[in-house]
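Visitor: Sharing a structure with you now.
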Amino acid sequence: MSISKTCNLIFQQVIDDYHLQDFVGALKSNPYSSSKLFEKMIYDKCWIDTVQWHLEDIIRKPDISPKEALNIKRKIDSSNQVRTDFVEEIDDYFFDNFSNSSPSNDAILNTETPAWALDRLSILALKIFHMNEEANRKSASDEHRQKCSVKLEALILQRINLSKAIDQLLENISKGNVIISTYKQMKMYNDESLNPQLYSKDD
């Protein structure tokens with residue numbers, strides 16, 4: 001089974017598992033053990049994305065109180081950092097997996113790492129799930145459902161194309177046609193030593 005197919009199946013599994021409880025404090029129960037490290041990481045990664053998706057919905061409620069909005073914003077900031085950490089962990093997995101591959105003299109660089117491409121695939125799974133809900137929402141107008149159906153078709157095509165691109169990228173890395181590289185996010189706003197708003201109080 002290809003990497004993209006494995007990931008798409010797990011992403012759907014996560015989204016279904018989350019919506020059995022359907023609230024941002026839902027308890028995660030990862031069915032994959034350390035013996036299936038990649039699957040375990042992918043499940044954890046998509047769970048973070050799924051919870052954050054719903055936090056982003058909540059913070060846009062027009063009647064949300066400033067106190068609740070600030071609390072949700074803090075959760076989103078924290079989630080973003082965890083999400084980034086998971087992506088870089090998955091990239092480390094790929095680096096280890098391809099450690100014996102030797103790039104050819106004509107090998108090229110890619111603008112995106114395998115894990116960040118999988119991050120986009122995870123978000124696409126969420127978009128497809130929720131756009132499908134909108135395309136079938138009985139309380140919505142026919143016009144709304146039709147527009148969402150068109151968008152849903154576009155999202156599904158994007159997933160097909162991105163899945164293929166990810167598998168091609170990994171195949172080209174394994175063949176030495178592409179140099180596996182990393183682009184660390186180096187997020188600064190959560191770091192007390194790098195964000196002036198956090199360290200200036202000590203100056």
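By order in the structure tokens, chains are A, B, ...; within a chain, residues start at 1; ligands start at 1, following the order shown.
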Extract, using only C-alpha atoms, all DNA, RNA and protein residues at most 12 Å from Tyr189 of chain A, discarding same-chain residues fewer than 3 positions from it, and format them as a PyMOL selection string.

Guide: chain A and resi 74+77-78+80-81+185-186+192-199

Visitor: List the neighbours of Lys45 of chain A out to 8 Å using only C-alpha atoms; skip same-chain residues closer than 2 positions along the sequence, and give me the result as an NGL selection string.

Guide: :A and (41-43 or 47-49 or 83 or 86-87)

Visitor: Kindly assemble as a tab-separated table a list of the segment 105-176 of chain A residues that lie within 10 Å of segment 52-69 of chain A, each paired with its nearest atom pair and their distance in Å to one decimal, using only C-alpha atoms, sorted first by chain and then by ascending residue number.

Guide:
residue	atom	partner	partner_atom	distance
A:Ile123	CA	A:Trp53	CA	8.7
A:Leu126	CA	A:Trp53	CA	7.9
A:Lys127	CA	A:Trp53	CA	9.3

Visitor: Apply DSSP to the backbone of this structure and, from segment 63-194 of chain A, keep only the residues in strand (DSSP E or B); write these as a list in words.

Guide: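 Answer for segment 63-194 of chain A, restricted to strand (DSSP E or B): Ile108, Leu109, Val178 and Ile179 of chain A.
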
Visitor: So, with only C-alpha atoms as the atoms that count, which of A:Leu169, A:Ile3, A:Leu157, A:Met131 lies closest to Phe38 of chain A?

Guide: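 Going through A:Leu169, A:Ile3, A:Leu157, A:Met131 one by one, the smallest distance to Phe38 of chain A is for A:Ile3.
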
Visitor: Compile the contact shell of Ile90 of chain A as a ChimeraX atom specification: residues with an atom at most 12 Å away, counting only C-alpha atoms, same-chain residues fewer than 6 positions apart removed.

Guide: /A:37-45,83-84,96-97,113-119,182

Visitor: Could you check the closest approach to His130 of chain A for each of A:Val150, A:Ile179, A:Ile15, A:Ala107 and tell me which residue wins, using only C-alpha atoms?

Guide: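 Closest residue, counting only C-alpha atoms: A:Ile15.
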
Visitor: Between A:Asp106, A:Ser200, A:Leu27, A:Leu121, which is the closest to Leu9 of chain A once you count only C-alpha atoms?

Guide: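 Once distances to Leu9 of chain A are computed over only C-alpha atoms, the minimum belongs to A:Leu121.
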
Visitor: Quote the spacing between atom CA of His19 of chain A and atom CA of Cys46 of chain A in Å to one decimal place.

Guide: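 That distance, rounded to one decimal, is 13.0 Å.
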
Visitor: Just checking: using only C-alpha atoms, which residue out of A:Gln158, A:Leu124, A:Ser34, A:Pro103 ends up closest to Lys175 of chain A?

Guide: A:Pro103

Visitor: Of the candidates A:Ile173, A:Met188, A:Leu162, A:Ala26, which one gets nearest to Lys5 of chain A if we count only C-alpha atoms?

Guide: A:Leu162

Visitor: Find the residues near Glu133 of chain A: any atom within 12 Å, counting only C-alpha atoms, skip ones fewer than 2 places away on the same chain, and give them as a list in words.

Guide: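 My reading of the contact set: Leu126, Lys127, Ile128, Phe129, His130, Met131, Ala135, Asn136, Arg137, Lys138, Ser139, Ala140, His144, Arg145, Cys148, Ser149, Lys151 and Leu152 of chain A.
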
Visitor: In Å, rounded to a single decimal, give me how far atom CA of Asp22 of chain A is from atom CA of Ser4 of chain A.

Guide: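 Straight-line distance from atom CA of Ser4 of chain A to atom CA of Asp22 of chain A works out to 25.7 Å.
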
Visitor: Using only C-alpha atoms, can you tell me which of A:Val82, A:Ile160, A:Ala165, A:Leu155 comes closest to Lys187 of chain A?

Guide: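 Going through A:Val82, A:Ile160, A:Ala165, A:Leu155 one by one, the smallest distance to Lys187 of chain A is for A:Val82.
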